[in-house]
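Data first, discussion second: the structure below is written as structure tokens.
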Amino acid sequence: MFENKEGQRIPNVTFRTRQNNAWVDVQSADLFAGKTVIVFSLPGAFTPTCSSTHVPRYNQMADTFKKLGVDEIICMSVNDTFVMNEWKVDQKADKITFIPDGNGDFTDGMGLLVDKNDIGFGKRSWRYSMLVKDGVVEKMFIEPNKPGDPFEVSDADTMLAYIAPNEQAPLDVTVFTRQGCPFCARAKGMLHDAQIDFDEMELNRDYTNRSLRAIAGVDMVPQVFINGELIGGSDKLEAWLKAR
């Protein structure tokens with residue numbers, strides 16, 4: 001089993017980062033001193049689970065964590081700074097700080113540097129997350145030590161449940177629209193007013209009428225989906241918002 005380091009100080013290391021085309025050394029104290037920080041560490045940039053789930057969900061929930069007193073969310077991996085910088089751009093994860101632990105010094109200090117030679121990765125981080133306050137680990141969620149790349153406890157929702165058990169996670173909202181549609185503009189305006197973030201899918205750019213009929217059973221827009229449920233058009237959305 002991996003050692004749980006709750007109550008201990010995080011390793012004091014130097015991270016070699018590339019910022020604005022210049023090398024910038026970042027110390028552990030720069031990231032953690034006097035701050036409340038969430039760290040989630042993973043096996044590698046651009047890898048499937050990390051890109052499809054781990055990073056996107058923390059980025060989506062960043063504003064919620066900030067409201068709860070978290071100063072920064074750090075994504076860490078045993079990759080170089082060029083890879084981490086490009087991965088951040090690819091993920092559109094502008095609410096997360098990506099830190100390259102290129103030599104694995106921080107991860108080794110946490111006792112979570114593992115051998116992944118069998119898949120050609122060399123030494124990488126075991127997947128985990130932690131809440132750090134002023135450089136001291138308050139809580140760790142370490143994935144179980146079993147074959148593969150388990151992803152069961154280091155996710156953003158588990159961290160939210162620890163920090164604020166009664167806090168509602170952000171809604172997953174998608175609006176299917178078309179250009180020039182006044183009802184679509186109304187639906188988006190209501191969501192903005194309610195401070196609900198959403199993804200917009202535009203007709204003939206992101207989907208076709210056939211796709212909308214397959215998903216929603218209709219070909220009229222807007223069509224609003226919330227947490228996997230079809231709400232409907234702007235009038236149905238207005239009723240849903242009033243009933244919240």
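Identifiers for the structure tokens are assigned positionally: chains receive A, B, ... in sequence, residues are indexed from 1 per chain, and ligands are indexed from 1 in the order shown.
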
Practice item. Give the strand (DSSP E or B) residues of stretch 72-205 of chain A, as DSSP finds them on the backbone, and put them as a ChimeraX atom specification. Key: /A:72-77,97-100,113-115,123-125,128-133,136-142,173-177,199-203

Check your understanding: Near stretch 208-224 of chain A, within 12 Å and counting only C-alpha atoms, which residues show up once chain neighbours fewer than 4 positions away are dropped, as a PyMOL selection string?
Key -> chain A and resi 172-188+190-191+198-204+228-238+240-241

Point to revise | Within 12 Å of A:Tyr58 using only C-alpha atoms, minus same-chain residues under 5 positions, as a VMD selection string | key: chain A and resid 38 to 41 50 to 53 63 to 66 72 to 75 91 to 98 129 154 to 160 169 to 170

Which residues of stretch 80-118 of chain A sit at most 9 Å from stretch 10-30 of chain A, using only C-alpha atoms? Give each one's shortest atom pair and distance in Å (one decimal place), in chain and ascending residue order, as a Markdown table.
| residue | atom | partner | partner_atom | distance |
| --- | --- | --- | --- | --- |
| A:Asp80 | CA | A:Thr17 | CA | 8.1 |
| A:Thr81 | CA | A:Thr17 | CA | 5.3 |
| A:Phe82 | CA | A:Arg18 | CA | 7.0 |
| A:Asn85 | CA | A:Arg18 | CA | 8.0 |
| A:Ile99 | CA | A:Phe15 | CA | 7.4 |
| A:Pro100 | CA | A:Phe15 | CA | 6.6 |
| A:Asp101 | CA | A:Phe15 | CA | 6.2 |
| A:Gly102 | CA | A:Arg16 | CA | 7.7 |
| A:Asn103 | CA | A:Phe15 | CA | 8.9 |
| A:Asp105 | CA | A:Val13 | CA | 6.7 |
| A:Phe106 | CA | A:Pro11 | CA | 5.8 |
| A:Thr107 | CA | A:Pro11 | CA | 8.5 |
| A:Asp108 | CA | A:Pro11 | CA | 8.8 |
| A:Gly109 | CA | A:Pro11 | CA | 5.5 |
| A:Met110 | CA | A:Pro11 | CA | 6.9 |

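Omitting A:Gly135 and its sequence neighbours fewer than 2 positions away, and counting only C-alpha atoms, the residues within 7 Å are Arg9, Ile10, Phe32, Ala33, Val132, Lys133 and Val137 of chain A.
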
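Proximity to A:Ser125 was assessed for A:Leu113, A:Leu31, A:Val37, A:Ala194 counting only C-alpha atoms; the smallest distance is recorded for A:Leu113.
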